[in-house]
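A.B. asks: This structure is in structure tokens; I'll ask about it shortly.
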Amino acid sequence: MSFPRTTVAGVSLPRLLIGSNWMHGYSHKSNGTDTYIKNLHASGDETAAILKAFLKHGIDAWMAAFSTKPNPEDLVKMYQDKVGQKLILIDTPVLNMDDTPAARKESEDIIKMSAKIGSTFCMIHHASCEQLVNRNKKTMDRLGDYTDMIRQAGLIPGLTAHMPEIVIYTDLNGYDVETYVQIFNCMGFLMQIEIESVIKTIHGAKKPVMTIKPMAAGRVTPYVGLTFNFNVLRDQDMVTVGCLHEHEVDEDVEISLAALEHRLPNLEARSSPAKQSIIR
């Protein structure tokens, strides 16, 4: 089975992307939850099970800050060996944006590592690219230095944009960027401006947008979060979903397909104590 796909810079991508926060311990909830996630995924087996579950549906693109993790070559090789397939890696590295030769060399080395581990996309992390935003001039000064490094490494450049200004200023100035990551969910969770303004930014973007945190880090159910995102995004845009364990994958895929097909999802009823007959 193949999930509906879109094209970004000539690369075919599923419209549902594999997220990583619920594998790597970034719950956006509590330290206890972070610790639980890290312990659950410590061996890599649970992560591999999730990846296999997504691959079963033809979802083969995985987003994470791969190149800035410890031993990234070994990490990526381990997972691709476990699943028996090369994944499309959407790397979101944190770069040193200081305007010094040493900082540029550090960033260039990270970008080269991104290429070495087999990434296709190199999306500069929001904590880095936000440092270049100049609201007064509506520019991102020196961005071209880093997108050129990414191109020289044979990768496709993109930006992770918690700030909607990143999308707007990049399009305005014609910077060499092929896609964006943008937080978008029905709660406005971690979004810097209201939902209505962010969706206008996404619809106005000149390039496809990869949205993240559709379920507001577990604050809304998958049905609510995924149905909302897929019903308001453009056909070329994507939704990135994180799963804690493999059993969540099939549900998320079915909900997403139902949203795209404008039908009710075929899901098992939830269990609850003394469930009443009206609860389905």
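Just so we're on the same page: first chain in the structure tokens is A, next is B, and so on; residues restart at 1 for each chain, and ligands are numbered from 1 in the order they show up.
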Near A:Leu51, counting only C-alpha atoms, which residues have an atom at most 8 Å away, once you skip same-chain residues fewer than 4 positions from it, shown as a VMD selection string?
C.D. replies: chain A and resid 18 47 55 83 246
A.B. asks: Give me the residues near A:Val177 as a count of residues only, where near means some atom within 8 Å (using only C-alpha atoms) and where sequence neighbours in that chain fewer than 6 positions away do not count.
C.D. replies: 6
A.B. asks: I need the residues in stretch 181-210 of chain A that are strand (DSSP E) according to DSSP; give them as number ranges by chain.
C.D. replies: A: 181-183, 209-210
A.B. asks: Report as JSON, numbers by chain all protein, DNA and RNA residues lying within 10 Å of stretch 39-46 of chain A, evaluated on only C-alpha atoms, omitting residues in the same chain fewer than 2 positions from it.
C.D. replies: {"A": [22, 23, 24, 25, 33, 34, 35, 36, 37, 48, 49, 50, 51, 52, 75, 78, 79, 82, 83, 244, 245, 246]}
A.B. asks: I want to know what sits within 6 Å of A:Ala61, based on only C-alpha atoms, with residues of the same chain fewer than 5 positions away left out; could you give that as a ChimeraX atom specification?
C.D. replies: /A:17,87-89
A.B. asks: Please provide the set of residues having any atom within 8 Å of stretch 225-233 of chain A, restricted to only C-alpha atoms, with same-chain residues fewer than 6 positions apart removed, written as a ChimeraX atom specification.
C.D. replies: /A:184-186,199,202-203,214-216,239,252,255-256,259-260
